[in-house]
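Data from coords19.cif: mmCIF, C-alpha atoms
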data_run
loop_
_atom_site.label_atom_id
_atom_site.label_comp_id
_atom_site.auth_asym_id
_atom_site.auth_seq_id
_atom_site.Cartn_x
_atom_site.Cartn_y
_atom_site.Cartn_z
CA MET A 6 154.33 74.69 310.36
CA MET A 7 155.08 72.75 313.55
CA PHE A 8 151.59 73.55 314.87
CA LEU A 9 150.19 71.10 312.30
CA PHE A 10 151.87 68.27 314.21
CA GLU A 11 150.52 69.35 317.58
CA ARG A 12 147.74 67.24 319.08
CA ASP A 13 145.90 70.29 320.45
CA THR A 14 145.45 71.72 316.95
CA TRP A 15 143.61 68.66 315.67
CA GLN A 16 141.74 68.14 318.94
CA GLU A 17 140.29 71.61 318.52
CA VAL A 18 139.37 70.88 314.90
CA TYR A 19 137.63 67.68 316.00
CA ASP A 20 135.76 69.43 318.82
CA SER A 21 134.60 72.14 316.43
CA LEU A 22 133.25 69.62 313.89
CA SER A 23 131.71 67.28 316.46
CA LYS A 24 129.72 69.96 318.26
CA ASN A 25 127.16 69.92 315.47
CA LYS A 26 127.67 66.80 313.40
CA LEU A 27 124.65 67.30 311.13
CA ARG A 28 125.65 70.85 310.25
CA SER A 29 129.23 69.76 309.56
CA ALA A 30 128.04 66.94 307.30
CA LEU A 31 125.67 69.19 305.35
CA THR A 32 128.47 71.75 305.02
CA MET A 33 130.69 69.21 303.28
CA VAL A 34 128.02 68.02 300.80
CA GLY A 35 128.71 70.83 298.30
CA VAL A 36 132.44 70.13 298.10
CA TRP A 37 131.86 66.35 298.07
CA TRP A 38 129.42 66.70 295.17
CA GLY A 39 131.77 69.00 293.22
CA ILE A 40 134.68 66.57 293.46
CA LEU A 41 132.37 63.64 292.69
CA LEU A 42 131.20 65.38 289.49
CA LEU A 43 134.76 66.29 288.52
CA ILE A 44 136.17 62.78 288.99
CA GLY A 45 133.12 61.02 287.53
CA LEU A 46 132.81 63.16 284.40
CA LEU A 47 136.56 63.36 283.71
CA GLY A 48 136.86 59.59 284.12
CA SER A 49 133.89 59.01 281.81
CA ALA A 50 135.40 61.31 279.19
CA LYS A 51 138.68 59.41 279.44
CA GLY A 52 136.77 56.14 279.04
CA LEU A 53 135.11 57.44 275.87
CA GLU A 54 138.50 58.57 274.56
CA ASN A 55 139.95 55.12 275.26
CA SER A 56 137.00 53.56 273.45
CA PHE A 57 137.61 55.69 270.35
CA ASN A 58 141.34 54.98 270.48
CA ARG A 59 140.64 51.25 270.64
CA LEU A 60 138.22 51.57 267.73
CA PHE A 61 140.76 53.31 265.53
CA GLY A 62 143.67 51.30 266.92
CA ASP A 63 146.90 52.08 265.05
CA PHE A 64 144.93 53.46 262.12
CA ALA A 65 146.33 56.56 260.40
CA THR A 66 143.50 58.93 261.29
CA ASN A 67 144.68 61.78 259.03
CA SER A 68 143.29 59.87 256.05
CA VAL A 69 140.65 60.05 253.34
CA PHE A 70 139.11 57.23 251.28
CA VAL A 71 138.30 57.87 247.61
CA TRP A 72 136.34 55.70 245.17
CA ALA A 73 134.85 56.11 241.68
CA GLN A 74 131.14 56.55 240.91
CA SER A 75 129.20 57.77 237.88
CA THR A 76 129.28 61.28 236.44
CA SER A 77 126.48 63.77 236.97
CA LYS A 78 127.38 66.17 234.11
CA PRO A 79 128.28 65.66 230.42
CA PHE A 80 131.82 66.77 229.53
CA LYS A 81 134.07 66.65 226.45
CA GLY A 82 131.69 64.45 224.49
CA PHE A 83 131.01 62.05 227.35
CA GLN A 84 127.41 61.60 228.44
CA GLU A 85 126.04 62.07 231.94
CA GLY A 86 125.98 58.86 233.97
CA ARG A 87 129.28 57.51 232.64
CA GLN A 88 130.88 55.03 235.06
CA VAL A 89 134.34 56.19 236.14
CA ASN A 90 137.14 53.73 236.91
CA LEU A 91 140.13 54.39 239.14
CA THR A 92 143.54 52.98 238.18
CA VAL A 93 146.91 52.37 239.82
CA SER A 94 148.37 55.12 237.63
CA ASP A 95 145.76 57.55 239.05
CA ALA A 96 147.01 56.73 242.54
CA LYS A 97 150.62 57.32 241.49
CA LYS A 98 149.75 60.69 239.93
CA ILE A 99 148.10 61.78 243.17
CA GLU A 100 151.09 60.69 245.23
CA GLU A 101 153.46 62.60 242.93
CA ASN A 102 151.48 65.83 242.61
CA VAL A 103 149.57 66.49 245.84
CA GLU A 104 151.52 68.27 248.56
CA GLY A 105 151.46 66.80 252.05
CA ILE A 106 150.72 63.19 251.14
CA GLU A 107 152.45 60.50 253.17
CA PHE A 108 150.96 57.37 251.59
CA VAL A 109 148.58 56.48 248.78
CA VAL A 110 147.35 52.90 249.12
CA PRO A 111 145.48 51.40 246.13
CA ARG A 112 143.10 48.64 247.22
CA ASN A 113 140.80 46.11 245.64
CA VAL A 114 138.05 43.96 247.08
CA ASN A 115 135.86 41.13 245.84
CA THR A 116 134.12 38.05 247.20
CA ALA A 117 135.24 34.46 246.95
CA LEU A 118 134.09 31.01 247.97
CA VAL A 119 136.68 29.90 250.52
CA VAL A 120 137.12 26.19 251.22
CA HIS A 121 139.24 24.25 253.69
CA SER A 122 138.72 20.52 254.12
CA PHE A 123 134.95 20.08 254.27
CA LEU A 124 134.24 23.60 255.55
CA SER A 125 133.46 26.54 253.31
CA GLY A 126 132.01 30.04 253.23
CA SER A 127 131.74 33.19 251.15
CA PHE A 128 134.05 35.96 252.35
CA SER A 129 135.49 39.26 251.15
CA VAL A 130 138.97 39.09 249.63
CA ASN A 131 141.18 42.18 249.61
CA GLY A 132 144.07 42.77 247.25
CA ASP A 133 146.64 44.82 249.17
CA TYR A 134 150.19 46.12 249.30
CA PRO A 135 152.48 45.67 252.35
CA ILE A 136 152.17 49.41 253.01
CA LEU A 137 148.62 48.81 254.26
CA ASP A 138 150.13 47.46 257.48
CA GLN A 139 151.68 50.89 258.12
CA VAL A 140 148.46 52.88 257.85
CA GLN A 141 146.03 50.24 259.14
CA LYS A 142 148.10 48.18 261.53
CA LYS A 143 147.06 44.56 261.79
CA LYS A 144 147.40 42.86 265.16
CA MET A 145 149.02 39.67 264.01
CA ILE A 146 148.29 36.61 266.14
CA GLN A 147 150.45 34.25 264.11
CA GLY A 148 152.66 34.54 261.05
CA ARG A 149 153.12 37.71 259.02
CA PHE A 150 151.39 40.16 256.73
CA ILE A 151 151.96 40.42 252.97
CA ASN A 152 155.51 41.46 252.00
CA GLN A 153 157.12 42.94 248.89
CA THR A 154 158.35 39.56 247.64
CA ASP A 155 154.74 38.36 247.57
CA ILE A 156 153.92 41.36 245.36
CA ASP A 157 156.90 40.98 243.04
CA GLU A 158 156.40 37.26 242.49
CA ASN A 159 152.57 37.27 242.38
CA ARG A 160 152.58 34.68 245.14
CA LYS A 161 149.41 32.83 246.07
CA VAL A 162 149.63 33.51 249.79
CA VAL A 163 146.85 34.62 252.09
CA VAL A 164 146.49 36.36 255.45
CA ILE A 165 143.23 35.51 257.21
CA SER A 166 141.29 36.99 260.10
CA GLU A 167 140.78 35.19 263.39
CA GLU A 168 137.09 34.82 262.51
CA ILE A 169 137.92 32.99 259.27
CA TYR A 170 140.19 30.65 261.22
CA LYS A 171 137.39 29.81 263.64
CA GLN A 172 135.01 29.01 260.80
CA LEU A 173 137.34 26.97 258.57
CA PHE A 174 139.75 25.28 260.99
CA GLU A 175 139.27 23.00 263.94
CA LYS A 176 140.00 24.42 267.37
CA ASP A 177 143.76 24.77 268.09
CA ALA A 178 144.59 23.40 264.63
CA GLU A 179 147.82 24.63 263.01
CA MET A 180 147.05 26.89 260.06
CA ILE A 181 150.40 28.51 259.10
CA GLY A 182 151.59 26.74 255.97
CA GLU A 183 148.19 25.14 255.36
CA TYR A 184 146.34 25.68 252.07
CA ILE A 185 142.85 27.03 251.55
CA GLN A 186 140.96 27.41 248.29
CA LEU A 187 139.75 30.76 246.97
CA ASN A 188 137.41 30.16 244.03
CA SER A 189 139.04 26.73 243.53
CA MET A 190 142.60 28.15 243.59
CA ASN A 191 145.01 27.05 246.33
CA PHE A 192 146.50 29.75 248.57
CA LYS A 193 149.03 29.21 251.33
CA VAL A 194 148.15 30.71 254.72
CA VAL A 195 151.05 32.83 255.99
CA GLY A 196 149.40 34.80 258.80
CA MET A 197 146.36 35.40 260.99
CA PHE A 198 145.30 38.76 262.45
CA GLU A 199 142.95 39.75 265.24
CA THR A 200 139.37 40.45 264.20
CA GLY A 201 137.83 43.83 264.94
CA ASN A 202 140.92 45.98 265.44
CA GLY A 203 139.62 49.23 264.05
CA ASN A 204 139.35 48.23 260.41
CA MET A 205 137.98 50.92 258.10
CA GLY A 206 136.50 50.47 254.64
CA PRO A 207 135.22 47.15 253.27
CA SER A 208 135.44 44.25 255.69
CA SER A 209 138.89 42.68 255.76
CA ASP A 210 138.32 38.95 256.08
CA ILE A 211 141.16 37.89 253.81
CA HIS A 212 144.20 39.69 252.34
CA ILE A 213 146.17 38.52 249.32
CA PRO A 214 148.96 40.28 247.37
CA PHE A 215 147.64 43.12 245.21
CA THR A 216 149.29 41.82 242.05
CA THR A 217 147.88 38.34 242.61
CA PHE A 218 144.41 39.81 243.06
CA GLN A 219 144.72 41.78 239.79
CA GLN A 220 145.74 38.62 238.00
CA ILE A 221 143.09 36.19 239.28
CA TYR A 222 140.22 38.69 238.92
CA ASN A 223 141.52 40.07 235.59
CA MET A 224 141.50 43.64 236.92
CA GLY A 225 144.39 44.93 234.82
CA ASP A 226 145.29 48.43 236.11
CA GLU A 227 141.89 49.07 237.68
CA ILE A 228 141.34 49.54 241.41
CA ARG A 229 138.16 49.78 243.45
CA TRP A 230 139.28 52.52 245.82
CA MET A 231 142.32 54.13 247.41
CA MET A 232 143.32 55.30 250.85
CA ILE A 233 145.20 58.61 251.01
CA THR A 234 147.10 59.48 254.20
CA GLY A 235 148.38 62.98 254.85
CA LYS A 236 151.32 64.07 256.96
CA PRO A 237 150.24 65.22 260.45
CA GLU A 238 150.98 68.90 259.78
CA TYR A 239 148.85 69.05 256.60
CA ASP A 240 145.11 69.64 256.28
CA ILE A 241 143.49 66.40 255.09
CA SER A 242 140.49 68.32 253.68
CA GLN A 243 142.81 70.24 251.36
CA ILE A 244 144.52 67.00 250.35
CA GLU A 245 141.11 65.51 249.56
CA SER A 246 140.19 68.50 247.35
CA ASP A 247 143.52 68.42 245.52
CA ALA A 248 143.30 64.66 244.93
CA LYS A 249 139.78 64.91 243.48
CA LEU A 250 140.87 67.78 241.22
CA ILE A 251 143.66 65.64 239.77
CA LEU A 252 141.28 62.70 239.31
CA ARG A 253 138.78 64.91 237.43
CA ASN A 254 141.52 66.10 235.10
CA LEU A 255 142.85 62.58 234.50
CA ASN A 256 139.41 61.12 233.79
CA ASN A 257 137.84 64.01 231.81
CA ILE A 258 135.29 64.89 234.47
CA HIS A 259 133.46 68.22 234.57
CA PRO A 260 135.12 70.56 237.15
CA ASP A 261 131.77 71.02 238.94
CA ASP A 262 130.87 67.33 238.97
CA THR A 263 130.70 66.35 242.64
CA ARG A 264 129.21 62.89 242.10
CA ALA A 265 131.93 61.29 239.97
CA PHE A 266 134.11 60.51 242.99
CA GLY A 267 132.90 59.51 246.42
CA SER A 268 134.98 60.02 249.53
CA PHE A 269 135.01 59.66 253.27
CA ASN A 270 137.27 62.03 255.20
CA LEU A 271 138.30 60.14 258.31
CA GLY A 272 140.56 62.98 259.45
CA LYS A 273 137.65 65.44 259.50
CA GLU A 274 135.42 63.03 261.42
CA PHE A 275 138.20 62.20 263.86
CA ALA A 276 138.76 65.94 264.47
CA LYS A 277 135.07 66.25 265.38
CA ILE A 278 135.42 63.43 267.89
CA THR A 279 138.56 64.87 269.50
CA GLY A 280 136.94 68.32 269.56
CA PHE A 281 133.90 66.87 271.30
CA LEU A 282 136.07 65.10 273.88
CA SER A 283 138.12 68.26 274.53
CA GLY A 284 134.92 70.29 274.92
CA MET A 285 133.53 67.70 277.30
CA GLN A 286 136.67 67.83 279.44
CA PHE A 287 136.60 71.65 279.52
CA LEU A 288 132.91 71.63 280.49
CA THR A 289 133.64 69.04 283.18
CA TRP A 290 136.38 71.19 284.72
CA PHE A 291 134.14 74.26 284.55
CA VAL A 292 131.15 72.56 286.17
CA GLY A 293 133.29 70.75 288.74
CA VAL A 294 135.28 73.83 289.82
CA ALA A 295 132.13 76.01 289.87
CA THR A 296 130.42 73.45 292.11
CA LEU A 297 133.51 73.32 294.33
CA ILE A 298 133.50 77.11 294.70
CA ALA A 299 129.83 77.05 295.65
CA GLY A 300 130.52 74.29 298.19
CA VAL A 301 133.50 76.14 299.66
CA PHE A 302 131.43 79.32 300.03
CA ALA A 303 128.90 77.26 302.00
CA ILE A 304 131.74 76.17 304.29
CA GLY A 305 132.75 79.81 304.72
CA ASN A 306 129.22 80.79 305.70
CA ILE A 307 128.98 77.97 308.24
CA LEU A 308 132.36 78.96 309.71
CA LEU A 309 131.10 82.53 310.11
CA ILE A 310 128.20 81.16 312.13
CA THR A 311 130.60 78.98 314.12
CA VAL A 312 132.84 81.98 314.86
CA LYS A 313 129.81 83.91 316.06
CA GLU A 314 128.92 81.05 318.39
CA ARG A 315 132.51 80.89 319.67
CA THR A 316 132.88 84.62 320.29
CA LYS A 317 133.23 84.22 324.06
CA GLU A 318 135.70 81.34 323.65
CA ILE A 319 137.82 83.46 321.32
CA GLY A 320 137.69 86.34 323.86
CA VAL A 321 138.96 84.06 326.60
CA ARG A 322 141.81 82.82 324.43
CA ARG A 323 142.76 86.38 323.50
CA ALA A 324 142.68 87.38 327.16
CA LEU A 325 144.96 84.46 328.04
CA GLY A 326 147.55 85.63 325.52
CA ALA A 327 146.58 84.05 322.18
CA THR A 328 147.71 86.29 319.33
CA PRO A 329 145.44 87.27 316.41
CA TYR A 330 147.72 85.19 314.14
CA GLU A 331 147.09 82.05 316.22
CA ILE A 332 143.32 82.60 316.12
CA LYS A 333 143.36 83.13 312.34
CA ARG A 334 145.59 80.09 311.85
CA GLN A 335 143.23 77.84 313.78
CA ILE A 336 140.16 79.02 311.81
CA ILE A 337 141.97 78.50 308.47
CA VAL A 338 143.10 75.00 309.53
CA GLU A 339 139.48 74.15 310.31
CA ALA A 340 138.33 75.46 306.90
CA VAL A 341 141.02 73.52 305.01
CA SER A 342 140.35 70.36 307.07
CA ILE A 343 136.62 70.39 306.29
CA THR A 344 137.30 71.08 302.62
CA LEU A 345 139.94 68.35 302.29
CA LEU A 346 137.85 65.78 304.16
CA ALA A 347 134.87 66.44 301.88
CA GLY A 348 137.18 66.34 298.85
CA LEU A 349 138.74 63.01 299.81
CA LEU A 350 135.29 61.51 300.30
CA GLY A 351 134.33 62.85 296.86
CA ILE A 352 137.43 61.31 295.26
CA ILE A 353 136.69 57.93 296.84
CA SER A 354 133.03 58.09 295.78
CA GLY A 355 134.03 59.13 292.25
CA GLY A 356 136.44 56.20 292.08
CA TRP A 357 133.65 53.79 293.02
CA ILE A 358 131.44 55.26 290.31
CA LEU A 359 134.20 54.81 287.70
CA ILE A 360 134.69 51.19 288.79
CA ALA A 361 130.93 50.62 288.42
CA LEU A 362 130.91 52.26 284.96
CA ASP A 363 133.82 50.15 283.79
CA SER A 364 132.13 47.01 285.10
CA ALA A 365 128.80 47.85 283.44
CA PHE A 366 129.91 49.39 280.13
CA GLY A 367 133.63 48.65 279.73
CA GLN A 368 133.65 44.92 279.10
CA GLY A 369 133.73 43.06 275.77
CA ALA A 370 134.47 44.06 272.19
CA GLY A 371 131.55 46.51 272.04
CA ALA A 372 132.52 48.41 275.20
CA VAL A 373 131.31 52.03 275.18
CA ILE A 374 133.52 53.24 278.04
CA VAL A 375 136.94 51.59 278.27
CA ASN A 376 138.99 51.87 281.48
CA ALA A 377 137.20 54.96 282.82
CA SER A 378 139.81 56.58 285.06
CA VAL A 379 141.56 59.80 286.06
CA SER A 380 145.28 60.33 286.41
CA ILE A 381 147.08 60.95 289.70
CA THR A 382 147.88 64.43 288.36
CA VAL A 383 144.17 65.27 288.15
CA VAL A 384 143.64 64.09 291.73
CA PHE A 385 146.54 66.21 293.00
CA VAL A 386 145.33 69.25 291.06
CA ALA A 387 141.85 68.81 292.54
CA LEU A 388 143.29 68.55 296.05
CA LEU A 389 145.47 71.61 295.44
CA ILE A 390 142.40 73.57 294.32
CA LEU A 391 140.64 72.49 297.51
CA VAL A 392 143.54 73.63 299.71
CA VAL A 393 143.70 77.01 297.96
CA LEU A 394 139.95 77.55 298.07
CA GLY A 395 139.74 76.34 301.68
CA THR A 396 142.52 78.73 302.70
CA LEU A 397 140.95 81.71 300.91
CA ILE A 398 137.46 81.09 302.26
CA GLY A 399 138.86 80.50 305.75
CA LEU A 400 140.36 84.00 305.78
CA ILE A 401 136.89 85.56 305.96
CA PRO A 402 135.80 84.03 309.30
CA ALA A 403 139.41 84.25 310.51
CA PHE A 404 139.49 88.03 310.14
CA LYS A 405 136.00 88.19 311.58
CA ALA A 406 137.19 86.27 314.65
CA THR A 407 140.10 88.66 315.30
CA SER A 408 138.16 91.84 314.60
CA ILE A 409 136.35 91.60 317.95
CA LYS A 410 138.17 93.10 320.92
CA PRO A 411 138.80 90.67 323.79
CA ILE A 412 136.81 92.73 326.32
CA GLU A 413 133.78 92.84 324.01
CA ALA A 414 134.05 89.11 323.31
CA LEU A 415 134.05 88.34 327.02
CA ARG A 416 130.85 90.36 327.47
CA GLU A 417 129.13 88.37 324.67
CA GLU A 418 126.27 86.19 325.84
#

Using structure tokens, write down the structure that the file contains.
Amino acid sequence: MMFLFERDTWQEVYDSLSKNKLRSALTMVGVWWGILLLIGLLGSAKGLENSFNRLFGDFATNSVFVWAQSTSKPFKGFQEGRQVNLTVSDAKKIEENVEGIEFVVPRNVNTALVVHSFLSGSFSVNGDYPILDQVQKKKMIQGRFINQTDIDENRKVVVISEEIYKQLFEKDAEMIGEYIQLNSMNFKVVGMFETGNGNMGPSSDIHIPFTTFQQIYNMGDEIRWMMITGKPEYDISQIESDAKLILRNLNNIHPDDTRAFGSFNLGKEFAKITGFLSGMQFLTWFVGVATLIAGVFAIGNILLITVKERTKEIGVRRALGATPYEIKRQIIVEAVSITLLAGLLGIISGGWILIALDSAFGQGAGAVIVNASVSITVVFVALLILVVLGTLIGLIPAFKATSIKPIEALREE
């Protein structure tokens, strides 16, 4: 390996490349383009993945949302079109009887006229349990989320979004401990959360304790919808089917009635997204490596031409005592050098493209590609592939160079 540190080795590589600069540059284009595609597409895929992760935030993605609708079939004396109502007891039955469930979160939502000082607006009000913060994590800016004491004591406390704060409070005004009115009832503000942090379901402008919501809106045991979260190792589609079966039995719904309960399976949709991203990464590696192989073959062909042009030079070196191993070694070093140089230029170019993508599409709340980048591991793997391919393709002209006898090489014109 000491020959790699000898000046003559690299002087010869430089002389070989500089003899025909245009040909050397065109030779490297294939490898440069392959690495550029690999880095650019992998970085873009990572940016899309980051965008989806930011959208969902700390949301429990293995979840399904279920709500009541009207029946589509008569059953047990009930007419078609009967409005079905979900209850807290329905949610408890599901939690007790469906295998694989981690959480069942009953939720309610309504609208209210919200007033603070001389400012007012109509916003959605959600009645929630503290457990919501475990499956749909709120990024609290100040204060806290609803706790169990709020539930037990039917407290009139409220957690508001950052957007509500901006509309109802003066800039930089203290809001923790302040009171706002919801439909003329005073509620104490105990927390504020960041707006747009991957919320799913009805818009979450304001959260109040579930029991307080039931009381002020006279809901009794009724709920608008529920969020069901499955354990990671369980199939959320099966949990959805089992939950709907129990709901049909509890509410006297025809077994074939598919309209009585609506649902949105977030786990299934999230699996489609992750599958798409995985497929995109696989396709990127396939296209990138295939382009690299094509580029490296082009380098091999050019080196064969170069060896042909240097036949007399190789004959002289053999006549002066150079061994076949030394000739092969020099040709392989040239092949790997060209490949690595083209690859490094491709990595740098790909990095510039990712910076441009992040600048153009990765800024603001609606960013499509967030922090488009590739890991150091990917860069090292790409370089390792280049070294391996460069070595293998360099063997072809190397063996060609040593297959000619010195006396015949010296006669070559």

Any chance you could resolve the PyMOL selection byres ((chain A and resi 217) around 9) against this file and give the residues as a list in words?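 On this input, the PyMOL selection byres ((chain A and resi 217) around 9) captures Gly132, Asp155, Ile156, Glu158, Asn159, Arg160, Lys161, Val162, Ile213, Pro214, Phe215, Thr216, Phe218, Gln219, Gln220, Ile221 and Tyr222 of chain A.
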
Contacts of region 284-294 of chain A at 6 Å or less, counting all atoms listed in the file, minus same-chain residues fewer than 4 places along, as a list in words? Gly39, Leu42 and Leu43 of chain A

From the list A:Gln153, A:Thr76, A:Thr311, A:Gln147, which residue is nearest Glu199 (chain A) when using only C-alpha atoms? A:Gln147

What's around region 379-381 of chain A at 12 Å? Count only C-alpha atoms, leave out sequence neighbours fewer than 6 positions away in its own chain, and write the answer as a PDB file with C-alpha atoms, in the frame of the given file.
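As a result, selection-v5.pdb now contains:
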ATOM      1  CA  LEU A  41     132.370  63.640 292.690  1.00  0.00           C
ATOM      2  CA  LEU A  43     134.760  66.290 288.520  1.00  0.00           C
ATOM      3  CA  ILE A  44     136.170  62.780 288.990  1.00  0.00           C
ATOM      4  CA  GLY A  45     133.120  61.020 287.530  1.00  0.00           C
ATOM      5  CA  LEU A  46     132.810  63.160 284.400  1.00  0.00           C
ATOM      6  CA  LEU A  47     136.560  63.360 283.710  1.00  0.00           C
ATOM      7  CA  GLY A  48     136.860  59.590 284.120  1.00  0.00           C
ATOM      8  CA  SER A  49     133.890  59.010 281.810  1.00  0.00           C
ATOM      9  CA  ALA A  50     135.400  61.310 279.190  1.00  0.00           C
ATOM     10  CA  LYS A  51     138.680  59.410 279.440  1.00  0.00           C
ATOM     11  CA  GLY A  52     136.770  56.140 279.040  1.00  0.00           C
ATOM     12  CA  GLU A  54     138.500  58.570 274.560  1.00  0.00           C
ATOM     13  CA  ASN A  55     139.950  55.120 275.260  1.00  0.00           C
ATOM     14  CA  GLN A 286     136.670  67.830 279.440  1.00  0.00           C
ATOM     15  CA  ILE A 352     137.430  61.310 295.260  1.00  0.00           C
ATOM     16  CA  ILE A 353     136.690  57.930 296.840  1.00  0.00           C
ATOM     17  CA  GLY A 355     134.030  59.130 292.250  1.00  0.00           C
ATOM     18  CA  GLY A 356     136.440  56.200 292.080  1.00  0.00           C
ATOM     19  CA  ILE A 358     131.440  55.260 290.310  1.00  0.00           C
ATOM     20  CA  LEU A 359     134.200  54.810 287.700  1.00  0.00           C
ATOM     21  CA  ILE A 360     134.690  51.190 288.790  1.00  0.00           C
ATOM     22  CA  ALA A 387     141.850  68.810 292.540  1.00  0.00           C
ATOM     23  CA  LEU A 388     143.290  68.550 296.050  1.00  0.00           C
TER      24      LEU A 388
END

Glu168 (chain A) environment, 9 Å, only C-alpha atoms, sequence neighbours closer than 3 positions dropped, as a PyMOL selection string: chain A and resi 165+171-173+199-200+210

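Environment of (140.6, 67.1, 304.8): residues at most 12 Å away, judged by only C-alpha atoms, are Trp15, Val18, Tyr19, Leu22, Met33, Val36, Trp37, Val338, Glu339, Ala340, Val341, Ser342, Ile343, Thr344, Leu345, Leu346, Ala347, Gly348, Leu349, Leu350, Gly351, Ile352, Leu388, Leu389, Leu391, Val392, Gly395 and Thr396 of chain A.
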
Take the residues from that selection and write them out as a compact mmCIF listing (two decimals), keeping the file's coordinate frame, keeping C-alpha atoms.
# COMPACT_ATOMS: atom_id res chain seq x y z
CA TRP A 15 143.61 68.66 315.67
CA VAL A 18 139.37 70.88 314.90
CA TYR A 19 137.63 67.68 316.00
CA LEU A 22 133.25 69.62 313.89
CA MET A 33 130.69 69.21 303.28
CA VAL A 36 132.44 70.13 298.10
CA TRP A 37 131.86 66.35 298.07
CA VAL A 338 143.10 75.00 309.53
CA GLU A 339 139.48 74.15 310.31
CA ALA A 340 138.33 75.46 306.90
CA VAL A 341 141.02 73.52 305.01
CA SER A 342 140.35 70.36 307.07
CA ILE A 343 136.62 70.39 306.29
CA THR A 344 137.30 71.08 302.62
CA LEU A 345 139.94 68.35 302.29
CA LEU A 346 137.85 65.78 304.16
CA ALA A 347 134.87 66.44 301.88
CA GLY A 348 137.18 66.34 298.85
CA LEU A 349 138.74 63.01 299.81
CA LEU A 350 135.29 61.51 300.30
CA GLY A 351 134.33 62.85 296.86
CA ILE A 352 137.43 61.31 295.26
CA LEU A 388 143.29 68.55 296.05
CA LEU A 389 145.47 71.61 295.44
CA LEU A 391 140.64 72.49 297.51
CA VAL A 392 143.54 73.63 299.71
CA GLY A 395 139.74 76.34 301.68
CA THR A 396 142.52 78.73 302.70

Atom pair CA of Ile398 (chain A) / CA of Ala327 (chain A): separation (Å):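 Result for CA of Ile398 (chain A) versus CA of Ala327 (chain A): 22.1 Å, one decimal.
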
Can you turn the PyMOL selection byres ((chain A and resi 233) around 6) into a concrete residue list for this file, as a ChimeraX atom specification? /A:68-69,108-109,232,234

Find the residues around Ile258 (chain A) up to 9 Å (only C-alpha atoms counted), leave out those fewer than 2 positions away in its own chain, and share them as a PyMOL selection string. chain A and resi 76+78-81+83+89+252-256+260-262+265

Hey, what comes out of the PyMOL selection byres ((chain A and resi 274-279) around 12) on this file? Could you write it as a CSV table (one decimal) with C-alpha atoms, keeping the file's coordinate frame?
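Just written: selection.csv:
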chain,number,residue,atom,x,y,z
A,50,ALA,CA,135.4,61.3,279.2
A,51,LYS,CA,138.7,59.4,279.4
A,53,LEU,CA,135.1,57.4,275.9
A,54,GLU,CA,138.5,58.6,274.6
A,55,ASN,CA,140.0,55.1,275.3
A,56,SER,CA,137.0,53.6,273.4
A,57,PHE,CA,137.6,55.7,270.4
A,58,ASN,CA,141.3,55.0,270.5
A,60,LEU,CA,138.2,51.6,267.7
A,61,PHE,CA,140.8,53.3,265.5
A,64,PHE,CA,144.9,53.5,262.1
A,65,ALA,CA,146.3,56.6,260.4
A,66,THR,CA,143.5,58.9,261.3
A,67,ASN,CA,144.7,61.8,259.0
A,68,SER,CA,143.3,59.9,256.0
A,69,VAL,CA,140.6,60.0,253.3
A,240,ASP,CA,145.1,69.6,256.3
A,241,ILE,CA,143.5,66.4,255.1
A,242,SER,CA,140.5,68.3,253.7
A,269,PHE,CA,135.0,59.7,253.3
A,270,ASN,CA,137.3,62.0,255.2
A,271,LEU,CA,138.3,60.1,258.3
A,272,GLY,CA,140.6,63.0,259.4
A,273,LYS,CA,137.6,65.4,259.5
A,280,GLY,CA,136.9,68.3,269.6
A,281,PHE,CA,133.9,66.9,271.3
A,282,LEU,CA,136.1,65.1,273.9
A,283,SER,CA,138.1,68.3,274.5
A,284,GLY,CA,134.9,70.3,274.9
A,285,MET,CA,133.5,67.7,277.3
A,286,GLN,CA,136.7,67.8,279.4

Work out how far CA of Ser354 (chain A) is from CA of Asn306 (chain A), in Å to one decimal.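 Distance between the two atoms: 25.1 Å.
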
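Straight-line separation from CA of Ala377 (chain A) to CA of Asp363 (chain A): 6.0 Å.
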
Closest to Ser125 (chain A) among A:Gln186, A:Ser94, A:Ser77, A:Asn102, using all atoms listed in the file? A:Gln186

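For the choices A:Met180, A:Leu394, A:Leu118, A:Ile336, the atom-to-atom distance to Val301 (chain A) is smallest for A:Leu394 when using only C-alpha atoms.
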
Could you write region 212-217 of chain A as an mmCIF file, in the frame of the given file, with N, CA and C atoms rebuilt where they are missing?
data_model
loop_
_atom_site.group_PDB
_atom_site.id
_atom_site.type_symbol
_atom_site.label_atom_id
_atom_site.label_comp_id
_atom_site.auth_asym_id
_atom_site.auth_seq_id
_atom_site.Cartn_x
_atom_site.Cartn_y
_atom_site.Cartn_z
ATOM 1 N N HIS A 212 143.311 38.833 253.124
ATOM 2 C CA HIS A 212 144.200 39.690 252.340
ATOM 3 C C HIS A 212 145.117 38.810 251.489
ATOM 4 N N ILE A 213 145.226 39.174 250.219
ATOM 5 C CA ILE A 213 146.170 38.520 249.320
ATOM 6 C C ILE A 213 146.989 39.604 248.636
ATOM 7 N N PRO A 214 148.152 39.264 248.040
ATOM 8 C CA PRO A 214 148.960 40.280 247.370
ATOM 9 C C PRO A 214 148.161 41.010 246.276
ATOM 10 N N PHE A 215 148.378 42.304 246.165
ATOM 11 C CA PHE A 215 147.640 43.120 245.210
ATOM 12 C C PHE A 215 147.807 42.606 243.781
ATOM 13 N N THR A 216 149.028 42.289 243.414
ATOM 14 C CA THR A 216 149.290 41.820 242.050
ATOM 15 C C THR A 216 148.608 40.485 241.766
ATOM 16 N N THR A 217 148.569 39.618 242.773
ATOM 17 C CA THR A 217 147.880 38.340 242.610
ATOM 18 C C THR A 217 146.390 38.557 242.419
#
